[in-house]
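Shown next: entry.cif, given as mmCIF, N, CA and C atoms.
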data_input
#
loop_
_atom_site.label_atom_id
_atom_site.label_comp_id
_atom_site.auth_asym_id
_atom_site.auth_seq_id
_atom_site.Cartn_x
_atom_site.Cartn_y
_atom_site.Cartn_z
N MET A 736 0.85 -1.19 0.00
CA MET A 736 0.00 0.00 0.00
C MET A 736 0.89 1.24 0.00
N GLY A 737 0.49 2.24 -0.76
CA GLY A 737 1.26 3.47 -0.86
C GLY A 737 1.11 4.34 0.37
N LYS A 738 1.99 5.29 0.48
CA LYS A 738 1.96 6.24 1.58
C LYS A 738 1.81 7.62 1.00
N ILE A 739 1.26 8.50 1.80
CA ILE A 739 1.09 9.88 1.35
C ILE A 739 1.67 10.81 2.40
N LEU A 740 2.32 11.83 1.94
CA LEU A 740 2.91 12.84 2.80
C LEU A 740 2.22 14.16 2.48
N VAL A 741 1.69 14.80 3.48
CA VAL A 741 1.02 16.07 3.28
C VAL A 741 1.91 17.16 3.84
N LEU A 742 2.21 18.14 3.00
CA LEU A 742 3.04 19.26 3.39
C LEU A 742 2.22 20.54 3.35
N SER A 743 2.57 21.46 4.20
CA SER A 743 1.90 22.75 4.22
C SER A 743 2.94 23.84 3.98
N PHE A 744 2.63 24.75 3.09
CA PHE A 744 3.56 25.82 2.74
C PHE A 744 2.91 27.17 3.01
N SER A 745 3.75 28.15 3.37
CA SER A 745 3.24 29.51 3.51
C SER A 745 3.19 30.14 2.12
N ASP A 746 2.56 31.30 2.03
CA ASP A 746 2.37 31.95 0.73
C ASP A 746 3.69 32.22 0.00
N ASP A 747 4.75 32.55 0.74
CA ASP A 747 6.02 32.86 0.09
C ASP A 747 6.74 31.62 -0.42
N GLU A 748 6.22 30.44 -0.13
CA GLU A 748 6.81 29.19 -0.62
C GLU A 748 5.98 28.56 -1.73
N GLU A 749 5.10 29.33 -2.32
CA GLU A 749 4.20 28.84 -3.36
C GLU A 749 4.98 28.26 -4.56
N GLU A 750 6.06 28.93 -4.94
CA GLU A 750 6.84 28.44 -6.09
C GLU A 750 7.42 27.05 -5.81
N THR A 751 7.93 26.85 -4.60
CA THR A 751 8.47 25.53 -4.21
C THR A 751 7.38 24.49 -4.25
N TYR A 752 6.24 24.82 -3.71
CA TYR A 752 5.09 23.91 -3.69
C TYR A 752 4.68 23.53 -5.12
N GLN A 753 4.56 24.50 -6.01
CA GLN A 753 4.16 24.22 -7.39
C GLN A 753 5.20 23.36 -8.10
N ARG A 754 6.47 23.62 -7.86
CA ARG A 754 7.53 22.82 -8.49
C ARG A 754 7.47 21.36 -8.01
N MET A 755 7.25 21.17 -6.71
CA MET A 755 7.14 19.81 -6.17
C MET A 755 5.96 19.08 -6.80
N LEU A 756 4.83 19.74 -6.91
CA LEU A 756 3.66 19.12 -7.54
C LEU A 756 3.93 18.78 -9.00
N GLN A 757 4.66 19.66 -9.69
CA GLN A 757 4.99 19.40 -11.09
C GLN A 757 5.85 18.15 -11.22
N ILE A 758 6.86 18.02 -10.37
CA ILE A 758 7.74 16.86 -10.41
C ILE A 758 6.96 15.58 -10.10
N ILE A 759 6.16 15.63 -9.06
CA ILE A 759 5.38 14.45 -8.68
C ILE A 759 4.36 14.10 -9.75
N SER A 760 3.71 15.09 -10.31
CA SER A 760 2.65 14.82 -11.28
C SER A 760 3.19 14.26 -12.59
N ASN A 761 4.47 14.46 -12.88
CA ASN A 761 5.07 13.90 -14.08
C ASN A 761 5.38 12.41 -13.93
N SER A 762 5.30 11.92 -12.72
CA SER A 762 5.53 10.50 -12.47
C SER A 762 4.27 9.71 -12.82
N LYS A 763 4.43 8.57 -13.49
CA LYS A 763 3.29 7.75 -13.86
C LYS A 763 2.55 7.22 -12.64
N ASN A 764 3.25 7.08 -11.53
CA ASN A 764 2.62 6.57 -10.30
C ASN A 764 1.76 7.61 -9.60
N PHE A 765 1.87 8.85 -10.02
CA PHE A 765 1.16 9.92 -9.32
C PHE A 765 0.32 10.76 -10.26
N GLU A 766 -0.31 10.14 -11.25
CA GLU A 766 -1.13 10.89 -12.20
C GLU A 766 -2.24 11.66 -11.52
N TRP A 767 -2.74 11.13 -10.42
CA TRP A 767 -3.84 11.78 -9.69
C TRP A 767 -3.41 13.11 -9.08
N CYS A 768 -2.12 13.39 -8.98
CA CYS A 768 -1.65 14.64 -8.39
C CYS A 768 -2.08 15.85 -9.21
N ASN A 769 -2.36 15.64 -10.49
CA ASN A 769 -2.83 16.75 -11.30
C ASN A 769 -4.09 17.37 -10.72
N MET A 770 -4.88 16.57 -10.03
CA MET A 770 -6.10 17.10 -9.40
C MET A 770 -5.74 18.12 -8.33
N LEU A 771 -4.59 17.94 -7.66
CA LEU A 771 -4.19 18.86 -6.60
C LEU A 771 -3.86 20.24 -7.14
N GLN A 772 -3.41 20.30 -8.38
CA GLN A 772 -3.02 21.57 -8.97
C GLN A 772 -4.20 22.35 -9.52
N GLU A 773 -5.34 21.69 -9.65
CA GLU A 773 -6.48 22.34 -10.28
C GLU A 773 -7.02 23.45 -9.38
N THR A 774 -7.01 24.65 -9.89
CA THR A 774 -7.53 25.80 -9.16
C THR A 774 -8.55 26.52 -10.03
N LYS A 775 -9.28 25.76 -10.80
CA LYS A 775 -10.21 26.32 -11.76
C LYS A 775 -11.35 27.06 -11.07
N ASN A 776 -11.48 28.32 -11.41
CA ASN A 776 -12.62 29.11 -10.99
C ASN A 776 -13.56 29.26 -12.17
N ILE A 777 -14.82 29.24 -11.90
CA ILE A 777 -15.80 29.44 -12.95
C ILE A 777 -16.53 30.73 -12.60
N GLN A 778 -16.54 31.67 -13.54
CA GLN A 778 -17.27 32.92 -13.34
C GLN A 778 -18.27 33.08 -14.47
N ILE A 779 -19.51 33.16 -14.09
CA ILE A 779 -20.59 33.35 -15.05
C ILE A 779 -21.44 34.50 -14.53
N GLY A 780 -21.38 35.62 -15.25
CA GLY A 780 -22.12 36.79 -14.77
C GLY A 780 -21.64 37.18 -13.38
N GLU A 781 -22.56 37.28 -12.45
CA GLU A 781 -22.25 37.67 -11.07
C GLU A 781 -21.84 36.49 -10.20
N LEU A 782 -21.91 35.29 -10.76
CA LEU A 782 -21.66 34.06 -9.99
C LEU A 782 -20.23 33.58 -10.18
N ILE A 783 -19.54 33.34 -9.05
CA ILE A 783 -18.18 32.80 -9.07
C ILE A 783 -18.19 31.51 -8.26
N VAL A 784 -17.72 30.42 -8.89
CA VAL A 784 -17.60 29.14 -8.22
C VAL A 784 -16.12 28.82 -8.16
N ASP A 785 -15.57 28.76 -6.94
CA ASP A 785 -14.14 28.53 -6.73
C ASP A 785 -13.93 27.12 -6.21
N LEU A 786 -13.38 26.25 -7.06
CA LEU A 786 -13.20 24.85 -6.70
C LEU A 786 -12.19 24.68 -5.58
N SER A 787 -11.06 25.39 -5.64
CA SER A 787 -10.01 25.19 -4.64
C SER A 787 -10.45 25.62 -3.25
N LYS A 788 -11.27 26.67 -3.17
CA LYS A 788 -11.77 27.13 -1.87
C LYS A 788 -13.14 26.55 -1.54
N ARG A 789 -13.73 25.89 -2.54
CA ARG A 789 -15.08 25.33 -2.41
C ARG A 789 -16.05 26.42 -1.93
N SER A 790 -15.96 27.56 -2.60
CA SER A 790 -16.81 28.68 -2.24
C SER A 790 -17.59 29.17 -3.45
N VAL A 791 -18.70 29.82 -3.16
CA VAL A 791 -19.56 30.39 -4.19
C VAL A 791 -19.85 31.82 -3.79
N ILE A 792 -19.68 32.74 -4.74
CA ILE A 792 -19.97 34.15 -4.49
C ILE A 792 -20.92 34.62 -5.57
N THR A 793 -21.96 35.28 -5.16
CA THR A 793 -22.88 35.91 -6.11
C THR A 793 -22.97 37.38 -5.74
N GLY A 794 -22.71 38.24 -6.73
CA GLY A 794 -22.59 39.66 -6.42
C GLY A 794 -21.35 39.83 -5.56
N ASN A 795 -21.51 40.38 -4.39
CA ASN A 795 -20.40 40.51 -3.43
C ASN A 795 -20.65 39.67 -2.19
N THR A 796 -21.58 38.72 -2.29
CA THR A 796 -21.99 37.93 -1.13
C THR A 796 -21.56 36.49 -1.28
N GLU A 797 -20.89 35.96 -0.25
CA GLU A 797 -20.54 34.54 -0.26
C GLU A 797 -21.78 33.73 0.11
N VAL A 798 -22.01 32.69 -0.65
CA VAL A 798 -23.18 31.84 -0.47
C VAL A 798 -22.74 30.55 0.21
N THR A 799 -23.46 30.15 1.23
CA THR A 799 -23.14 28.91 1.93
C THR A 799 -23.93 27.77 1.31
N LEU A 800 -23.18 26.80 0.78
CA LEU A 800 -23.79 25.61 0.19
C LEU A 800 -23.32 24.38 0.95
N THR A 801 -24.16 23.36 0.99
CA THR A 801 -23.71 22.08 1.53
C THR A 801 -22.74 21.45 0.53
N ASN A 802 -22.06 20.42 0.94
CA ASN A 802 -21.12 19.74 0.05
C ASN A 802 -21.82 19.23 -1.20
N ARG A 803 -22.97 18.60 -1.05
CA ARG A 803 -23.71 18.07 -2.20
C ARG A 803 -24.17 19.20 -3.12
N GLU A 804 -24.65 20.28 -2.54
CA GLU A 804 -25.09 21.42 -3.34
C GLU A 804 -23.92 21.98 -4.15
N PHE A 805 -22.76 22.12 -3.51
CA PHE A 805 -21.59 22.63 -4.21
C PHE A 805 -21.21 21.70 -5.36
N GLU A 806 -21.19 20.40 -5.10
CA GLU A 806 -20.82 19.43 -6.14
C GLU A 806 -21.78 19.50 -7.33
N ILE A 807 -23.06 19.62 -7.06
CA ILE A 807 -24.06 19.72 -8.14
C ILE A 807 -23.85 21.01 -8.93
N LEU A 808 -23.69 22.12 -8.23
CA LEU A 808 -23.48 23.40 -8.90
C LEU A 808 -22.20 23.37 -9.74
N TYR A 809 -21.13 22.84 -9.18
CA TYR A 809 -19.86 22.78 -9.93
C TYR A 809 -20.00 21.88 -11.16
N LEU A 810 -20.67 20.75 -11.00
CA LEU A 810 -20.89 19.84 -12.13
C LEU A 810 -21.61 20.56 -13.27
N LEU A 811 -22.69 21.23 -12.95
CA LEU A 811 -23.49 21.91 -13.98
C LEU A 811 -22.74 23.11 -14.57
N ALA A 812 -22.13 23.92 -13.71
CA ALA A 812 -21.45 25.14 -14.17
C ALA A 812 -20.22 24.82 -15.00
N SER A 813 -19.56 23.72 -14.73
CA SER A 813 -18.36 23.38 -15.49
C SER A 813 -18.70 22.75 -16.85
N SER A 814 -19.97 22.47 -17.07
CA SER A 814 -20.42 21.90 -18.36
C SER A 814 -21.62 22.69 -18.87
N GLN A 815 -21.43 24.01 -19.02
CA GLN A 815 -22.54 24.89 -19.42
C GLN A 815 -23.21 24.38 -20.69
N GLY A 816 -24.53 24.33 -20.64
CA GLY A 816 -25.32 23.92 -21.80
C GLY A 816 -25.57 22.43 -21.88
N ARG A 817 -24.75 21.63 -21.21
CA ARG A 817 -24.95 20.18 -21.25
C ARG A 817 -26.10 19.81 -20.32
N VAL A 818 -26.98 18.98 -20.82
CA VAL A 818 -28.12 18.54 -20.02
C VAL A 818 -27.74 17.28 -19.26
N PHE A 819 -27.98 17.30 -17.96
CA PHE A 819 -27.77 16.14 -17.10
C PHE A 819 -29.12 15.66 -16.58
N SER A 820 -29.37 14.38 -16.67
CA SER A 820 -30.58 13.83 -16.08
C SER A 820 -30.40 13.78 -14.56
N LYS A 821 -31.51 13.62 -13.84
CA LYS A 821 -31.42 13.48 -12.39
C LYS A 821 -30.58 12.27 -12.03
N GLU A 822 -30.71 11.22 -12.81
CA GLU A 822 -29.96 9.99 -12.57
C GLU A 822 -28.46 10.23 -12.73
N GLN A 823 -28.08 10.95 -13.78
CA GLN A 823 -26.66 11.25 -14.01
C GLN A 823 -26.10 12.11 -12.89
N ILE A 824 -26.85 13.12 -12.49
CA ILE A 824 -26.40 14.00 -11.41
C ILE A 824 -26.18 13.18 -10.15
N TYR A 825 -27.14 12.32 -9.83
CA TYR A 825 -27.00 11.50 -8.62
C TYR A 825 -25.76 10.61 -8.72
N ASP A 826 -25.62 9.90 -9.82
CA ASP A 826 -24.50 8.97 -9.99
C ASP A 826 -23.16 9.70 -9.89
N LEU A 827 -23.04 10.89 -10.48
CA LEU A 827 -21.78 11.62 -10.49
C LEU A 827 -21.47 12.30 -9.15
N VAL A 828 -22.47 12.83 -8.51
CA VAL A 828 -22.24 13.56 -7.26
C VAL A 828 -22.14 12.63 -6.06
N TRP A 829 -23.03 11.66 -5.99
CA TRP A 829 -23.01 10.72 -4.86
C TRP A 829 -22.00 9.60 -5.10
N LYS A 830 -21.51 9.49 -6.35
CA LYS A 830 -20.53 8.47 -6.74
C LYS A 830 -21.01 7.05 -6.47
N GLU A 831 -22.28 6.84 -6.69
CA GLU A 831 -22.86 5.51 -6.57
C GLU A 831 -24.17 5.48 -7.34
N PRO A 832 -24.51 4.35 -7.87
CA PRO A 832 -25.80 4.26 -8.58
C PRO A 832 -26.94 4.31 -7.57
N TYR A 833 -28.04 4.86 -7.98
CA TYR A 833 -29.19 4.99 -7.10
C TYR A 833 -30.40 4.39 -7.77
N SER A 834 -31.11 3.59 -7.05
CA SER A 834 -32.27 2.92 -7.65
C SER A 834 -33.58 3.37 -7.03
N GLY A 835 -33.55 4.44 -6.29
CA GLY A 835 -34.75 4.88 -5.60
C GLY A 835 -35.34 6.14 -6.21
N ASP A 836 -35.77 7.03 -5.36
CA ASP A 836 -36.46 8.25 -5.75
C ASP A 836 -35.45 9.37 -6.00
N TYR A 837 -35.48 9.96 -7.19
CA TYR A 837 -34.54 11.02 -7.54
C TYR A 837 -35.01 12.40 -7.07
N ASN A 838 -36.05 12.44 -6.26
CA ASN A 838 -36.52 13.72 -5.74
C ASN A 838 -35.44 14.41 -4.90
N ILE A 839 -34.49 13.66 -4.39
CA ILE A 839 -33.40 14.26 -3.61
C ILE A 839 -32.60 15.23 -4.49
N VAL A 840 -32.41 14.89 -5.75
CA VAL A 840 -31.69 15.78 -6.67
C VAL A 840 -32.52 17.04 -6.88
N MET A 841 -33.81 16.87 -7.11
CA MET A 841 -34.70 18.03 -7.30
C MET A 841 -34.67 18.93 -6.08
N SER A 842 -34.65 18.34 -4.90
CA SER A 842 -34.61 19.11 -3.66
C SER A 842 -33.32 19.92 -3.56
N HIS A 843 -32.20 19.32 -3.90
CA HIS A 843 -30.93 20.03 -3.86
C HIS A 843 -30.90 21.16 -4.90
N ILE A 844 -31.42 20.90 -6.08
CA ILE A 844 -31.49 21.95 -7.12
C ILE A 844 -32.32 23.12 -6.62
N ARG A 845 -33.45 22.84 -6.01
CA ARG A 845 -34.31 23.89 -5.47
C ARG A 845 -33.55 24.71 -4.41
N ASN A 846 -32.81 24.02 -3.52
CA ASN A 846 -32.05 24.72 -2.48
C ASN A 846 -30.96 25.60 -3.09
N ILE A 847 -30.27 25.09 -4.12
CA ILE A 847 -29.23 25.88 -4.78
C ILE A 847 -29.84 27.13 -5.40
N ARG A 848 -30.96 26.95 -6.09
CA ARG A 848 -31.62 28.11 -6.72
C ARG A 848 -32.01 29.15 -5.69
N GLU A 849 -32.51 28.72 -4.55
CA GLU A 849 -32.90 29.67 -3.51
C GLU A 849 -31.71 30.47 -3.00
N LYS A 850 -30.53 29.87 -3.08
CA LYS A 850 -29.33 30.53 -2.56
C LYS A 850 -28.61 31.40 -3.59
N ILE A 851 -28.71 31.05 -4.89
CA ILE A 851 -27.92 31.81 -5.88
C ILE A 851 -28.75 32.67 -6.83
N GLU A 852 -30.01 32.39 -6.93
CA GLU A 852 -30.86 33.12 -7.88
C GLU A 852 -31.51 34.32 -7.23
N ASP A 853 -31.67 35.42 -7.99
CA ASP A 853 -32.43 36.56 -7.49
C ASP A 853 -33.90 36.20 -7.37
N ASN A 854 -34.40 35.45 -8.35
CA ASN A 854 -35.79 34.99 -8.33
C ASN A 854 -35.80 33.48 -8.60
N PRO A 855 -35.77 32.67 -7.54
CA PRO A 855 -35.67 31.21 -7.72
C PRO A 855 -36.79 30.60 -8.55
N SER A 856 -37.94 31.25 -8.61
CA SER A 856 -39.05 30.70 -9.41
C SER A 856 -38.84 30.96 -10.90
N LYS A 857 -37.92 31.87 -11.26
CA LYS A 857 -37.54 32.13 -12.65
C LYS A 857 -36.03 32.11 -12.73
N PRO A 858 -35.43 30.92 -12.63
CA PRO A 858 -33.98 30.82 -12.56
C PRO A 858 -33.27 31.19 -13.86
N ILE A 859 -32.13 31.86 -13.71
CA ILE A 859 -31.34 32.18 -14.90
C ILE A 859 -30.10 31.29 -14.99
N TYR A 860 -29.63 30.76 -13.88
CA TYR A 860 -28.42 29.93 -13.89
C TYR A 860 -28.74 28.47 -14.19
N ILE A 861 -29.47 27.81 -13.30
CA ILE A 861 -29.79 26.40 -13.49
C ILE A 861 -31.18 26.29 -14.10
N GLN A 862 -31.21 25.76 -15.32
CA GLN A 862 -32.46 25.65 -16.07
C GLN A 862 -32.97 24.22 -16.04
N THR A 863 -34.29 24.10 -16.00
CA THR A 863 -34.93 22.79 -16.11
C THR A 863 -35.20 22.49 -17.57
N VAL A 864 -34.81 21.32 -18.01
CA VAL A 864 -35.14 20.84 -19.34
C VAL A 864 -36.23 19.79 -19.11
N TRP A 865 -37.46 20.18 -19.32
CA TRP A 865 -38.61 19.36 -18.94
C TRP A 865 -38.54 17.96 -19.55
N GLY A 866 -38.73 16.99 -18.69
CA GLY A 866 -38.73 15.60 -19.11
C GLY A 866 -37.34 15.00 -19.31
N VAL A 867 -36.30 15.85 -19.13
CA VAL A 867 -34.94 15.36 -19.35
C VAL A 867 -34.08 15.55 -18.11
N GLY A 868 -33.94 16.78 -17.62
CA GLY A 868 -33.09 17.04 -16.46
C GLY A 868 -32.78 18.51 -16.29
N TYR A 869 -31.51 18.81 -16.04
CA TYR A 869 -31.08 20.18 -15.74
C TYR A 869 -29.83 20.52 -16.53
N ARG A 870 -29.68 21.83 -16.78
CA ARG A 870 -28.46 22.33 -17.40
C ARG A 870 -28.15 23.70 -16.83
N PHE A 871 -26.89 24.09 -16.96
CA PHE A 871 -26.48 25.43 -16.59
C PHE A 871 -26.60 26.29 -17.83
N ASN A 872 -27.17 27.45 -17.72
CA ASN A 872 -27.44 28.35 -18.84
C ASN A 872 -26.14 28.70 -19.56
N LYS A 873 -26.04 28.31 -20.82
CA LYS A 873 -24.84 28.58 -21.61
C LYS A 873 -24.83 29.97 -22.22
N ASN A 874 -25.91 30.71 -22.10
CA ASN A 874 -26.03 32.02 -22.73
C ASN A 874 -25.65 33.17 -21.81
N LEU A 875 -25.06 32.86 -20.67
CA LEU A 875 -24.60 33.90 -19.75
C LEU A 875 -23.14 34.19 -20.06
N SER A 876 -22.70 35.42 -19.81
CA SER A 876 -21.29 35.73 -20.07
C SER A 876 -20.42 34.97 -19.09
N SER A 877 -19.36 34.40 -19.62
CA SER A 877 -18.50 33.52 -18.84
C SER A 877 -17.12 34.10 -18.70
N GLY A 878 -16.52 33.92 -17.52
CA GLY A 878 -15.16 34.36 -17.28
C GLY A 878 -14.20 33.19 -17.25
N LEU A 879 -14.51 32.12 -17.97
CA LEU A 879 -13.64 30.93 -17.97
C LEU A 879 -12.33 31.21 -18.64
#

Encoded form using structure tokens:
Amino acid sequence: MGKILVLSFSDDEEETYQRMLQIISNSKNFEWCNMLQETKNIQIGELIVDLSKRSVITGNTEVTLTNREFEILYLLASSQGRVFSKEQIYDLVWKEPYSGDYNIVMSHIRNIREKIEDNPSKPIYIQTVWGVGYRFNKNLSSGL
């Protein structure tokens, strides 16, 4: 079984940290290290989703999301315009197949809309594709 060493660096050691990750990530045994370097932020209109900080800001206000809500929002926002069924969302976010009631996904979507939308009953970010699932609005200006 492999071992893992976790190191913590101060801000002035960022270059050393990045170089170490680069060396490790070039090794075939550590391909997963590339995930550690990912600091992708998604900005769409007034909405900013920061993966590394696991934070969401709309306007100038930080929005508190549960872990599942954040994962759903990040999934949709990182694939603008792509339609995900409730089943796909559940499988990808919960990382397990689900054979029961998908209303839990609908409930999380509703909670996310209440937190990020100005008018949750007329959402502009997360759109419902009737009879299919949900997508993130691809027609918003993006800061990707």

Considering only N, CA and C atoms, return as a list of chain:residue names whatever protein or nucleic-acid residues lie within 8 Å of Val840 (chain A), sequence-local ones (same chain, fewer than 4 positions apart) excluded.
-> A:Lys821, A:Glu822, A:Ile824, A:Tyr825, A:Asp836, A:Ile844, A:Arg845, A:Asn846

What does the PyMOL selection byres (((chain A and resi 818 and name CA) around 6) and name CA) select in this file, as a PDB file with N, CA and C atoms, keeping the file's coordinate frame?
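Below is the file result34.pdb, written as the result:
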ATOM      1  N   ARG A 817     -24.750  21.630 -21.210  1.00  0.00           N
ATOM      2  CA  ARG A 817     -24.950  20.180 -21.250  1.00  0.00           C
ATOM      3  C   ARG A 817     -26.100  19.810 -20.320  1.00  0.00           C
ATOM      4  N   PHE A 819     -27.980  17.300 -17.960  1.00  0.00           N
ATOM      5  CA  PHE A 819     -27.770  16.140 -17.100  1.00  0.00           C
ATOM      6  C   PHE A 819     -29.120  15.660 -16.580  1.00  0.00           C
ATOM      7  N   TYR A 869     -31.510  18.810 -16.040  1.00  0.00           N
ATOM      8  CA  TYR A 869     -31.080  20.180 -15.740  1.00  0.00           C
ATOM      9  C   TYR A 869     -29.830  20.520 -16.530  1.00  0.00           C
ATOM     10  N   ARG A 870     -29.680  21.830 -16.780  1.00  0.00           N
ATOM     11  CA  ARG A 870     -28.460  22.330 -17.400  1.00  0.00           C
ATOM     12  C   ARG A 870     -28.150  23.700 -16.830  1.00  0.00           C
TER      13      ARG A 870
END

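Using only C-alpha atoms, the nearest neighbour of Gly794 (chain A) within the list A:Ser834, A:Ser814, A:Thr751, A:Gln778 is A:Gln778.
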
In the coordinates of the file, take the point (-15.6, 21.3, -9.2) and a cut-off of 8 Å; then, counting all atoms listed in the file, name each qualifying protein, DNA or RNA residue as an MDAnalysis selection string.
-> chainID A and resid 775 784:787 789 805:810 813

Run through the PyMOL selection byres ((chain A and resi 872) around 6) on the given coordinates and return the selected residues as a list in words.
-> Gln815, Gly816, Ile859, Tyr860, Ile861, Gln862, Arg870, Phe871, Lys873, Asn874 and Leu875 of chain A

Which distance in Å separates atom N of Ile779 (chain A) and atom C of Leu811 (chain A), to one decimal?
-> 10.6 Å

Could you state the separation of CA of Tyr837 (chain A) and CA of Leu782 (chain A) in Å, given to one decimal place?
-> 26.5 Å

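Note that atom N of Lys850 (chain A) and CA of Lys788 (chain A) are 19.0 Å apart.
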
Which of A:Asn776, A:Tyr833, A:Ile847, A:Ser820 sits closest to Glu804 (chain A) [using all atoms listed in the file] = A:Ile847

If you run DSSP over the backbone, which residues in region 798-843 of chain A end up alpha helix (DSSP H)? Put them as a ChimeraX atom specification.
-> /A:802-812,821-829,838-843

With N, CA and C atoms retained, export the selected residues as a tab-separated table (two decimals), in the coordinates of the input.
chain	number	residue	atom	x	y	z
A	802	ASN	N	-22.06	20.42	0.94
A	802	ASN	CA	-21.12	19.74	0.05
A	802	ASN	C	-21.82	19.23	-1.20
A	803	ARG	N	-22.97	18.60	-1.05
A	803	ARG	CA	-23.71	18.07	-2.20
A	803	ARG	C	-24.17	19.20	-3.12
A	804	GLU	N	-24.65	20.28	-2.54
A	804	GLU	CA	-25.09	21.42	-3.34
A	804	GLU	C	-23.92	21.98	-4.15
A	805	PHE	N	-22.76	22.12	-3.51
A	805	PHE	CA	-21.59	22.63	-4.21
A	805	PHE	C	-21.21	21.70	-5.36
A	806	GLU	N	-21.19	20.40	-5.10
A	806	GLU	CA	-20.82	19.43	-6.14
A	806	GLU	C	-21.78	19.50	-7.33
A	807	ILE	N	-23.06	19.62	-7.06
A	807	ILE	CA	-24.06	19.72	-8.14
A	807	ILE	C	-23.85	21.01	-8.93
A	808	LEU	N	-23.69	22.12	-8.23
A	808	LEU	CA	-23.48	23.40	-8.90
A	808	LEU	C	-22.20	23.37	-9.74
A	809	TYR	N	-21.13	22.84	-9.18
A	809	TYR	CA	-19.86	22.78	-9.93
A	809	TYR	C	-20.00	21.88	-11.16
A	810	LEU	N	-20.67	20.75	-11.00
A	810	LEU	CA	-20.89	19.84	-12.13
A	810	LEU	C	-21.61	20.56	-13.27
A	811	LEU	N	-22.69	21.23	-12.95
A	811	LEU	CA	-23.49	21.91	-13.98
A	811	LEU	C	-22.74	23.11	-14.57
A	812	ALA	N	-22.13	23.92	-13.71
A	812	ALA	CA	-21.45	25.14	-14.17
A	812	ALA	C	-20.22	24.82	-15.00
A	821	LYS	N	-31.51	13.62	-13.84
A	821	LYS	CA	-31.42	13.48	-12.39
A	821	LYS	C	-30.58	12.27	-12.03
A	822	GLU	N	-30.71	11.22	-12.81
A	822	GLU	CA	-29.96	9.99	-12.57
A	822	GLU	C	-28.46	10.23	-12.73
A	823	GLN	N	-28.08	10.95	-13.78
A	823	GLN	CA	-26.66	11.25	-14.01
A	823	GLN	C	-26.10	12.11	-12.89
A	824	ILE	N	-26.85	13.12	-12.49
A	824	ILE	CA	-26.40	14.00	-11.41
A	824	ILE	C	-26.18	13.18	-10.15
A	825	TYR	N	-27.14	12.32	-9.83
A	825	TYR	CA	-27.00	11.50	-8.62
A	825	TYR	C	-25.76	10.61	-8.72
A	826	ASP	N	-25.62	9.90	-9.82
A	826	ASP	CA	-24.50	8.97	-9.99
A	826	ASP	C	-23.16	9.70	-9.89
A	827	LEU	N	-23.04	10.89	-10.48
A	827	LEU	CA	-21.78	11.62	-10.49
A	827	LEU	C	-21.47	12.30	-9.15
A	828	VAL	N	-22.47	12.83	-8.51
A	828	VAL	CA	-22.24	13.56	-7.26
A	828	VAL	C	-22.14	12.63	-6.06
A	829	TRP	N	-23.03	11.66	-5.99
A	829	TRP	CA	-23.01	10.72	-4.86
A	829	TRP	C	-22.00	9.60	-5.10
A	838	ASN	N	-36.05	12.44	-6.26
A	838	ASN	CA	-36.52	13.72	-5.74
A	838	ASN	C	-35.44	14.41	-4.90
A	839	ILE	N	-34.49	13.66	-4.39
A	839	ILE	CA	-33.40	14.26	-3.61
A	839	ILE	C	-32.60	15.23	-4.49
A	840	VAL	N	-32.41	14.89	-5.75
A	840	VAL	CA	-31.69	15.78	-6.67
A	840	VAL	C	-32.52	17.04	-6.88
A	841	MET	N	-33.81	16.87	-7.11
A	841	MET	CA	-34.70	18.03	-7.30
A	841	MET	C	-34.67	18.93	-6.08
A	842	SER	N	-34.65	18.34	-4.90
A	842	SER	CA	-34.61	19.11	-3.66
A	842	SER	C	-33.32	19.92	-3.56
A	843	HIS	N	-32.20	19.32	-3.90
A	843	HIS	CA	-30.93	20.03	-3.86
A	843	HIS	C	-30.90	21.16	-4.90

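Nearest-residue note for Glu849 (chain A): choosing from A:Leu827, A:Ile783, A:Val798, A:Val867, the minimum distance belongs to A:Val798, counting only C-alpha atoms.
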
Using all atoms listed in the file, the shortest atom-to-atom distance to Thr793 (chain A) among A:Gly835, A:Glu750, A:Arg848, A:Glu781 belongs to A:Glu781
